[in-house]
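This is upload_11.pdb. It holds PDB, C-alpha atoms.
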```
ATOM      1  CA  MET A 172     -11.693  -0.726  19.522  1.00  0.00           C
ATOM      2  CA  HIS A 173      -8.546  -2.331  18.196  1.00  0.00           C
ATOM      3  CA  ALA A 174      -4.957  -1.373  18.855  1.00  0.00           C
ATOM      4  CA  VAL A 175      -3.338   0.521  15.997  1.00  0.00           C
ATOM      5  CA  ASP A 176      -0.575  -1.543  14.395  1.00  0.00           C
ATOM      6  CA  LEU A 177       0.920   0.987  11.988  1.00  0.00           C
ATOM      7  CA  LYS A 178       3.661  -1.443  10.956  1.00  0.00           C
ATOM      8  CA  ARG A 179       1.012  -3.882   9.730  1.00  0.00           C
ATOM      9  CA  GLY A 180      -0.877  -1.183   7.832  1.00  0.00           C
ATOM     10  CA  ILE A 181       2.235   0.176   6.196  1.00  0.00           C
ATOM     11  CA  SER A 182       3.516  -3.292   5.222  1.00  0.00           C
ATOM     12  CA  ILE A 183       0.220  -4.437   3.708  1.00  0.00           C
ATOM     13  CA  GLY A 184      -0.130  -1.094   1.960  1.00  0.00           C
ATOM     14  CA  ALA A 185       3.410  -1.075   0.568  1.00  0.00           C
ATOM     15  CA  TYR A 186       3.173  -4.675  -0.639  1.00  0.00           C
ATOM     16  CA  GLY A 187      -0.247  -4.094  -2.206  1.00  0.00           C
ATOM     17  CA  GLY A 188       1.054  -0.872  -3.727  1.00  0.00           C
ATOM     18  CA  MET A 189       3.969  -2.662  -5.373  1.00  0.00           C
ATOM     19  CA  VAL A 190       1.546  -5.143  -6.935  1.00  0.00           C
ATOM     20  CA  TRP A 191      -0.624  -2.199  -7.952  1.00  0.00           C
ATOM     21  CA  GLY A 192       2.411  -0.470  -9.509  1.00  0.00           C
ATOM     22  CA  LEU A 193       2.807  -3.442 -11.841  1.00  0.00           C
ATOM     23  CA  VAL A 194      -0.920  -3.284 -12.687  1.00  0.00           C
ATOM     24  CA  VAL A 195      -0.606   0.450 -13.424  1.00  0.00           C
ATOM     25  CA  LEU A 196       2.393  -0.202 -15.666  1.00  0.00           C
ATOM     26  CA  ALA A 197       0.554  -2.936 -17.562  1.00  0.00           C
ATOM     27  CA  VAL A 198      -2.615  -0.859 -17.993  1.00  0.00           C
ATOM     28  CA  SER A 199      -0.652   2.224 -19.034  1.00  0.00           C
ATOM     29  CA  ALA A 200       1.403   0.244 -21.548  1.00  0.00           C
ATOM     30  CA  TYR A 201      -1.761  -1.289 -22.982  1.00  0.00           C
ATOM     31  CA  LEU A 202      -3.857   1.907 -23.198  1.00  0.00           C
ATOM     32  CA  LYS A 203      -0.939   4.085 -24.414  1.00  0.00           C
ATOM     33  CA  PHE A 204      -2.431   7.384 -23.217  1.00  0.00           C
ATOM     34  CA  PHE A 205       1.139   8.656 -22.813  1.00  0.00           C
ATOM     35  CA  ALA A 206       4.574   7.656 -24.036  1.00  0.00           C
ATOM     36  CA  PHE A 207       7.009   6.157 -21.560  1.00  0.00           C
ATOM     37  CA  ASP A 208      10.382   7.846 -21.173  1.00  0.00           C
ATOM     38  CA  PHE A 209      12.188   4.519 -20.861  1.00  0.00           C
ATOM     39  CA  THR A 210      11.570   0.851 -21.636  1.00  0.00           C
ATOM     40  CA  ILE A 211       8.989  -1.081 -19.666  1.00  0.00           C
ATOM     41  CA  LEU A 212      11.732  -3.161 -18.026  1.00  0.00           C
ATOM     42  CA  HIS A 213      13.382   0.038 -16.825  1.00  0.00           C
ATOM     43  CA  ASP A 214      10.038   1.337 -15.519  1.00  0.00           C
ATOM     44  CA  ILE A 215       9.189  -1.739 -13.414  1.00  0.00           C
ATOM     45  CA  PRO A 216      11.154  -0.636 -10.311  1.00  0.00           C
ATOM     46  CA  ILE A 217       9.956   2.957 -10.744  1.00  0.00           C
ATOM     47  CA  PHE A 218       6.289   1.982 -10.886  1.00  0.00           C
ATOM     48  CA  MET A 219       6.728  -0.490  -8.024  1.00  0.00           C
ATOM     49  CA  ALA A 220       8.344   2.217  -5.865  1.00  0.00           C
ATOM     50  CA  GLY A 221       5.619   4.734  -6.725  1.00  0.00           C
ATOM     51  CA  GLY A 222       2.959   2.119  -6.034  1.00  0.00           C
ATOM     52  CA  ALA A 223       4.593   1.251  -2.722  1.00  0.00           C
ATOM     53  CA  GLY A 224       4.469   4.924  -1.737  1.00  0.00           C
ATOM     54  CA  MET A 225       0.796   5.309  -2.592  1.00  0.00           C
ATOM     55  CA  GLY A 226      -0.030   1.954  -1.005  1.00  0.00           C
ATOM     56  CA  LEU A 227       1.898   2.883   2.133  1.00  0.00           C
ATOM     57  CA  ILE A 228      -0.302   5.973   2.542  1.00  0.00           C
ATOM     58  CA  VAL A 229      -3.518   4.023   1.960  1.00  0.00           C
ATOM     59  CA  GLY A 230      -2.405   1.216   4.295  1.00  0.00           C
ATOM     60  CA  ALA A 231      -1.508   3.649   7.064  1.00  0.00           C
ATOM     61  CA  PHE A 232      -4.900   5.347   6.788  1.00  0.00           C
ATOM     62  CA  MET A 233      -6.612   1.934   6.704  1.00  0.00           C
ATOM     63  CA  GLU A 234      -4.955   1.034   9.978  1.00  0.00           C
ATOM     64  CA  VAL A 235      -5.683   4.339  11.683  1.00  0.00           C
ATOM     65  CA  LEU A 236      -9.181   5.042  10.304  1.00  0.00           C
ATOM     66  CA  GLY A 237     -10.399   1.570   9.355  1.00  0.00           C
ATOM     67  CA  GLU A 238     -12.642   1.041  12.370  1.00  0.00           C
ATOM     68  CA  ARG A 239     -14.038   4.573  12.175  1.00  0.00           C
ATOM     69  CA  LEU A 240     -15.148   4.449   8.542  1.00  0.00           C
ATOM     70  CA  PRO A 241     -18.889   3.958   8.017  1.00  0.00           C
ATOM     71  CA  PHE A 242     -18.428   1.157   5.479  1.00  0.00           C
ATOM     72  CA  GLU A 243     -18.592  -2.589   5.859  1.00  0.00           C
ATOM     73  CA  GLY A 244     -15.706  -4.682   4.653  1.00  0.00           C
ATOM     74  CA  ALA A 245     -12.029  -4.084   4.083  1.00  0.00           C
ATOM     75  CA  VAL A 246     -12.382  -3.827   0.302  1.00  0.00           C
ATOM     76  CA  ALA A 247     -14.997  -1.041   0.493  1.00  0.00           C
ATOM     77  CA  LYS A 248     -12.872   0.829   3.034  1.00  0.00           C
ATOM     78  CA  GLY A 249      -9.777   0.395   0.877  1.00  0.00           C
ATOM     79  CA  ILE A 250     -11.553   1.724  -2.211  1.00  0.00           C
ATOM     80  CA  VAL A 251     -12.966   4.748  -0.369  1.00  0.00           C
ATOM     81  CA  LEU A 252      -9.608   5.630   1.182  1.00  0.00           C
ATOM     82  CA  SER A 253      -7.672   5.116  -2.030  1.00  0.00           C
ATOM     83  CA  VAL A 254     -10.062   7.263  -4.079  1.00  0.00           C
ATOM     84  CA  ALA A 255     -10.125   9.928  -1.343  1.00  0.00           C
ATOM     85  CA  ILE A 256      -6.322  10.106  -1.358  1.00  0.00           C
ATOM     86  CA  TRP A 257      -6.320  10.209  -5.165  1.00  0.00           C
ATOM     87  CA  LEU A 258      -8.743  13.149  -4.963  1.00  0.00           C
ATOM     88  CA  VAL A 259      -6.378  14.935  -2.554  1.00  0.00           C
ATOM     89  CA  PHE A 260      -3.819  14.922  -5.376  1.00  0.00           C
ATOM     90  CA  PHE A 261      -6.279  15.432  -8.251  1.00  0.00           C
ATOM     91  CA  ILE A 262      -8.305  18.415  -7.007  1.00  0.00           C
ATOM     92  CA  PRO A 263      -5.310  20.751  -6.524  1.00  0.00           C
ATOM     93  CA  GLY A 264      -4.233  19.824 -10.053  1.00  0.00           C
ATOM     94  CA  VAL A 265      -7.592  20.989 -11.394  1.00  0.00           C
ATOM     95  CA  PHE A 266      -7.218  24.265  -9.494  1.00  0.00           C
ATOM     96  CA  LEU A 267      -3.724  24.706 -10.911  1.00  0.00           C
ATOM     97  CA  HIS A 268      -5.193  24.186 -14.381  1.00  0.00           C
ATOM     98  CA  LEU A 269      -7.839  26.851 -13.727  1.00  0.00           C
ATOM     99  CA  ILE A 270      -5.173  29.301 -12.570  1.00  0.00           C
ATOM    100  CA  LYS A 271      -2.565  28.567 -15.263  1.00  0.00           C
ATOM    101  CA  PRO A 272      -4.120  26.508 -18.069  1.00  0.00           C
ATOM    102  CA  ASP A 273      -1.119  27.049 -20.340  1.00  0.00           C
ATOM    103  CA  ARG A 274       1.156  25.313 -17.841  1.00  0.00           C
ATOM    104  CA  TYR A 275      -1.113  22.723 -16.139  1.00  0.00           C
ATOM    105  CA  THR A 276      -3.323  20.647 -18.389  1.00  0.00           C
ATOM    106  CA  VAL A 277      -6.299  18.446 -17.675  1.00  0.00           C
ATOM    107  CA  GLU A 278      -6.092  15.168 -19.566  1.00  0.00           C
ATOM    108  CA  ILE A 279      -9.506  13.538 -19.155  1.00  0.00           C
ATOM    109  CA  PRO A 280      -8.504  10.018 -20.348  1.00  0.00           C
ATOM    110  CA  LEU A 281      -5.548  10.007 -17.929  1.00  0.00           C
ATOM    111  CA  HIS A 282      -7.718  11.179 -15.042  1.00  0.00           C
ATOM    112  CA  ILE A 283     -10.382   8.560 -15.720  1.00  0.00           C
ATOM    113  CA  GLN A 284      -7.614   5.947 -15.833  1.00  0.00           C
ATOM    114  CA  GLY A 285      -6.222   7.325 -12.560  1.00  0.00           C
ATOM    115  CA  LEU A 286      -9.591   7.130 -10.837  1.00  0.00           C
ATOM    116  CA  PHE A 287     -10.136   3.579 -12.042  1.00  0.00           C
ATOM    117  CA  LEU A 288      -6.640   2.561 -10.928  1.00  0.00           C
ATOM    118  CA  ALA A 289      -7.180   4.188  -7.517  1.00  0.00           C
ATOM    119  CA  MET A 290     -10.195   1.901  -7.129  1.00  0.00           C
ATOM    120  CA  VAL A 291      -8.039  -1.063  -8.133  1.00  0.00           C
ATOM    121  CA  LEU A 292      -5.478  -0.102  -5.457  1.00  0.00           C
ATOM    122  CA  GLY A 293      -8.268  -0.046  -2.879  1.00  0.00           C
ATOM    123  CA  MET A 294      -9.422  -3.493  -4.016  1.00  0.00           C
ATOM    124  CA  ILE A 295      -5.898  -4.924  -3.803  1.00  0.00           C
ATOM    125  CA  ILE A 296      -5.179  -3.477  -0.362  1.00  0.00           C
ATOM    126  CA  GLY A 297      -8.661  -4.356   0.904  1.00  0.00           C
ATOM    127  CA  GLY A 298      -8.235  -7.930  -0.330  1.00  0.00           C
ATOM    128  CA  LEU A 299      -4.839  -8.254   1.322  1.00  0.00           C
ATOM    129  CA  TRP A 300      -6.274  -6.681   4.481  1.00  0.00           C
ATOM    130  CA  LYS A 301      -9.122  -9.155   4.529  1.00  0.00           C
ATOM    131  CA  LYS A 302      -6.763 -12.069   3.885  1.00  0.00           C
ATOM    132  CA  GLY A 303      -4.485 -10.881   6.710  1.00  0.00           C
ATOM    133  CA  ARG A 304      -7.386 -11.017   9.188  1.00  0.00           C
ATOM    134  CA  ASP A 305      -8.348 -14.601   8.262  1.00  0.00           C
TER     135      ASP A 305
END
```
Translate this structure into structure tokens?
Amino acid sequence: MHAVDLKRGISIGAYGGMVWGLVVLAVSAYLKFFAFDFTILHDIPIFMAGGAGMGLIVGAFMEVLGERLPFEGAVAKGIVLSVAIWLVFFIPGVFLHLIKPDRYTVEIPLHIQGLFLAMVLGMIIGGLWKKGRD
């Protein structure tokens, strides 16, 4: 059993999340499933901050639960945790849509993109995690 170093998990997660925020911005700008409210240059710090927040959560869970997960390798653990956290946000949204479909919409292309990008976040954090152990 290893000692929990939450600072390490949060830092790797936040850094990986900032990188992921730039990936999300690039993918979203390329696929154009939605219109941006501002210019891409204006959105860079916003997406990096949002990515850092999501990455921070994934990194913290990686540090706390990493040894307990039944998967081999940091990348697999990162993907599973990232997708699980994405589902924690996605599933209530589906329920909100079922309750009030006129207010909460389900946008299938956006959700598929979100799932794919959650996997990418797990790959980035898992790769950084693996590199940090070497």
> Rounded to one decimal in Å, what is the spacing between CA of Met294 (chain A) and CA of Gly187 (chain A)?
Replying inline: 9.4 Å
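Of the listed residues A:Pro263, A:Pro272, A:Pro280, A:Gly226, the one whose atoms come nearest to Ile181 (chain A) is A:Gly226, with distances taken using all atoms listed in the file.
You can rank A:Thr276, A:Ala245, A:Ala255, A:Ser199 by their closest distance to Gly298 (chain A) using only C-alpha atoms, and at the top of that list sits A:Ala245.
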Output check: residues returned by the PyMOL selection byres ((chain A and resi 211) around 12), as a PDB file with C-alpha atoms, in the frame of the given file:
```
ATOM      1  CA  LEU A 193       2.807  -3.442 -11.841  1.00  0.00           C
ATOM      2  CA  VAL A 195      -0.606   0.450 -13.424  1.00  0.00           C
ATOM      3  CA  LEU A 196       2.393  -0.202 -15.666  1.00  0.00           C
ATOM      4  CA  ALA A 197       0.554  -2.936 -17.562  1.00  0.00           C
ATOM      5  CA  VAL A 198      -2.615  -0.859 -17.993  1.00  0.00           C
ATOM      6  CA  SER A 199      -0.652   2.224 -19.034  1.00  0.00           C
ATOM      7  CA  ALA A 200       1.403   0.244 -21.548  1.00  0.00           C
ATOM      8  CA  TYR A 201      -1.761  -1.289 -22.982  1.00  0.00           C
ATOM      9  CA  ALA A 206       4.574   7.656 -24.036  1.00  0.00           C
ATOM     10  CA  PHE A 207       7.009   6.157 -21.560  1.00  0.00           C
ATOM     11  CA  ASP A 208      10.382   7.846 -21.173  1.00  0.00           C
ATOM     12  CA  PHE A 209      12.188   4.519 -20.861  1.00  0.00           C
ATOM     13  CA  THR A 210      11.570   0.851 -21.636  1.00  0.00           C
ATOM     14  CA  LEU A 212      11.732  -3.161 -18.026  1.00  0.00           C
ATOM     15  CA  HIS A 213      13.382   0.038 -16.825  1.00  0.00           C
ATOM     16  CA  ASP A 214      10.038   1.337 -15.519  1.00  0.00           C
ATOM     17  CA  ILE A 215       9.189  -1.739 -13.414  1.00  0.00           C
ATOM     18  CA  PRO A 216      11.154  -0.636 -10.311  1.00  0.00           C
ATOM     19  CA  ILE A 217       9.956   2.957 -10.744  1.00  0.00           C
ATOM     20  CA  PHE A 218       6.289   1.982 -10.886  1.00  0.00           C
ATOM     21  CA  MET A 219       6.728  -0.490  -8.024  1.00  0.00           C
TER      22      MET A 219
END
```
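Contact shell of Gly184 (chain A) at 8 Å (all atoms listed in the file; same-chain neighbours under 4 positions omitted): Gly180, Gly188, Ala223, Met225, Gly226, Leu227, Ile228, Val229, Gly230, Ala231 and Ile296 of chain A.
Of the residues under consideration (A:Ser253, A:Gly224, A:Ile270, A:Phe260), A:Ser253 shows the shortest atom-to-atom contact distance to Gly297 (chain A) when counting all atoms listed in the file.
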> Pick from A:Arg274, A:Met233, A:Glu243, A:Leu286: nearest to Ser182 (chain A), with only C-alpha atoms counted?
Replying inline: A:Met233
>> Show me, as JSON, numbers by chain, the residues that have an atom within 7 Å of Gly293 (chain A) when counting all atoms listed in the file, minus same-chain residues fewer than 6 positions from it.
In response: {"A": [246, 249, 250, 253]}
>> What's the separation between CA of Leu258 (chain A) and CA of Gly285 (chain A), in Å to one decimal place?
In response: 9.9 Å
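For the pair CA of Gln284 (chain A) and CA of Pro241 (chain A), the interatomic distance is 26.5 Å.
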Edge lengths and centre in Å to one decimal, as JSON, of the axis-aligned box that encloses all listed atoms of region 178-188 of chain A with 6 Å added on every side?
```
{"center_x": 1.4, "center_y": -2.2, "center_z": 3.6, "size_x": 16.5, "size_y": 16.9, "size_z": 26.7}
```
> Closest to Gly221 (chain A) among A:Ala174, A:Ala185, A:Ile279, A:Ile295, using all atoms listed in the file?
Replying inline: A:Ala185
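In terms of minimum interatomic distance to Val251 (chain A), A:Ala289 ranks closest within A:Leu267, A:Val235, A:Ile283, A:Ala289, counting all atoms listed in the file.
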Please output region 274-285 of chain A, rebuilt to include all heavy atoms, as a compact mmCIF listing (two decimals), in the frame of the given file.
```txt
# COMPACT_ATOMS: atom_id res chain seq x y z
N ARG A 274 0.10 26.12 -18.47
CA ARG A 274 1.16 25.31 -17.84
C ARG A 274 0.64 23.96 -17.33
O ARG A 274 1.32 22.95 -17.43
CB ARG A 274 1.77 26.08 -16.67
CG ARG A 274 2.76 25.26 -15.92
CD ARG A 274 3.89 26.02 -15.43
NE ARG A 274 4.86 25.09 -14.87
CZ ARG A 274 5.74 25.41 -14.00
NH1 ARG A 274 5.82 26.64 -13.57
NH2 ARG A 274 6.58 24.52 -13.54
N TYR A 275 -0.55 23.94 -16.72
CA TYR A 275 -1.11 22.72 -16.14
C TYR A 275 -2.32 22.30 -16.97
O TYR A 275 -3.28 23.05 -17.10
CB TYR A 275 -1.53 22.96 -14.69
CG TYR A 275 -0.38 23.42 -13.82
CD1 TYR A 275 -0.24 24.76 -13.48
CD2 TYR A 275 0.57 22.52 -13.37
CE1 TYR A 275 0.81 25.19 -12.70
CE2 TYR A 275 1.64 22.95 -12.59
CZ TYR A 275 1.76 24.28 -12.26
OH TYR A 275 2.81 24.71 -11.49
N THR A 276 -2.25 21.11 -17.51
CA THR A 276 -3.32 20.65 -18.39
C THR A 276 -4.17 19.59 -17.70
O THR A 276 -3.70 18.88 -16.82
CB THR A 276 -2.75 20.06 -19.69
OG1 THR A 276 -1.91 18.96 -19.36
CG2 THR A 276 -1.96 21.10 -20.46
N VAL A 277 -5.40 19.50 -18.13
CA VAL A 277 -6.30 18.45 -17.68
C VAL A 277 -6.42 17.46 -18.83
O VAL A 277 -6.84 17.82 -19.92
CB VAL A 277 -7.69 19.02 -17.29
CG1 VAL A 277 -8.67 17.90 -17.00
CG2 VAL A 277 -7.55 19.94 -16.09
N GLU A 278 -6.03 16.24 -18.57
CA GLU A 278 -6.09 15.17 -19.57
C GLU A 278 -7.16 14.18 -19.11
O GLU A 278 -6.89 13.29 -18.29
CB GLU A 278 -4.73 14.47 -19.69
CG GLU A 278 -3.61 15.38 -20.12
CD GLU A 278 -3.68 15.76 -21.58
OE1 GLU A 278 -4.33 15.03 -22.36
OE2 GLU A 278 -3.11 16.80 -21.95
N ILE A 279 -8.35 14.34 -19.62
CA ILE A 279 -9.51 13.54 -19.16
C ILE A 279 -9.24 12.04 -19.23
O ILE A 279 -9.50 11.34 -18.23
CB ILE A 279 -10.79 13.93 -19.93
CG1 ILE A 279 -11.12 15.41 -19.70
CG2 ILE A 279 -11.96 13.03 -19.56
CD1 ILE A 279 -11.38 15.79 -18.26
N PRO A 280 -8.74 11.47 -20.34
CA PRO A 280 -8.50 10.02 -20.35
C PRO A 280 -7.54 9.57 -19.24
O PRO A 280 -7.75 8.53 -18.62
CB PRO A 280 -7.92 9.75 -21.73
CG PRO A 280 -8.38 10.89 -22.57
CD PRO A 280 -8.45 12.07 -21.66
N LEU A 281 -6.49 10.36 -18.99
CA LEU A 281 -5.55 10.01 -17.93
C LEU A 281 -6.20 10.07 -16.56
O LEU A 281 -5.93 9.24 -15.68
CB LEU A 281 -4.34 10.95 -17.95
CG LEU A 281 -3.32 10.70 -19.05
CD1 LEU A 281 -2.25 11.78 -19.03
CD2 LEU A 281 -2.70 9.34 -18.91
N HIS A 282 -7.07 11.04 -16.34
CA HIS A 282 -7.72 11.18 -15.04
C HIS A 282 -8.74 10.07 -14.81
O HIS A 282 -8.88 9.58 -13.68
CB HIS A 282 -8.36 12.55 -14.90
CG HIS A 282 -7.35 13.67 -14.98
ND1 HIS A 282 -6.15 13.64 -14.30
CD2 HIS A 282 -7.37 14.82 -15.66
CE1 HIS A 282 -5.47 14.74 -14.57
NE2 HIS A 282 -6.18 15.47 -15.40
N ILE A 283 -9.44 9.68 -15.85
CA ILE A 283 -10.38 8.56 -15.72
C ILE A 283 -9.60 7.28 -15.41
O ILE A 283 -9.99 6.49 -14.56
CB ILE A 283 -11.24 8.41 -16.99
CG1 ILE A 283 -12.19 9.60 -17.11
CG2 ILE A 283 -12.01 7.09 -16.99
CD1 ILE A 283 -12.92 9.69 -18.43
N GLN A 284 -8.48 7.10 -16.11
CA GLN A 284 -7.61 5.95 -15.83
C GLN A 284 -7.12 6.00 -14.40
O GLN A 284 -7.10 4.99 -13.70
CB GLN A 284 -6.43 5.94 -16.80
CG GLN A 284 -5.42 4.85 -16.53
CD GLN A 284 -4.22 4.91 -17.45
OE1 GLN A 284 -4.29 5.43 -18.56
NE2 GLN A 284 -3.10 4.40 -17.00
N GLY A 285 -6.71 7.18 -13.93
CA GLY A 285 -6.22 7.32 -12.56
C GLY A 285 -7.27 6.99 -11.53
O GLY A 285 -7.00 6.33 -10.53
```
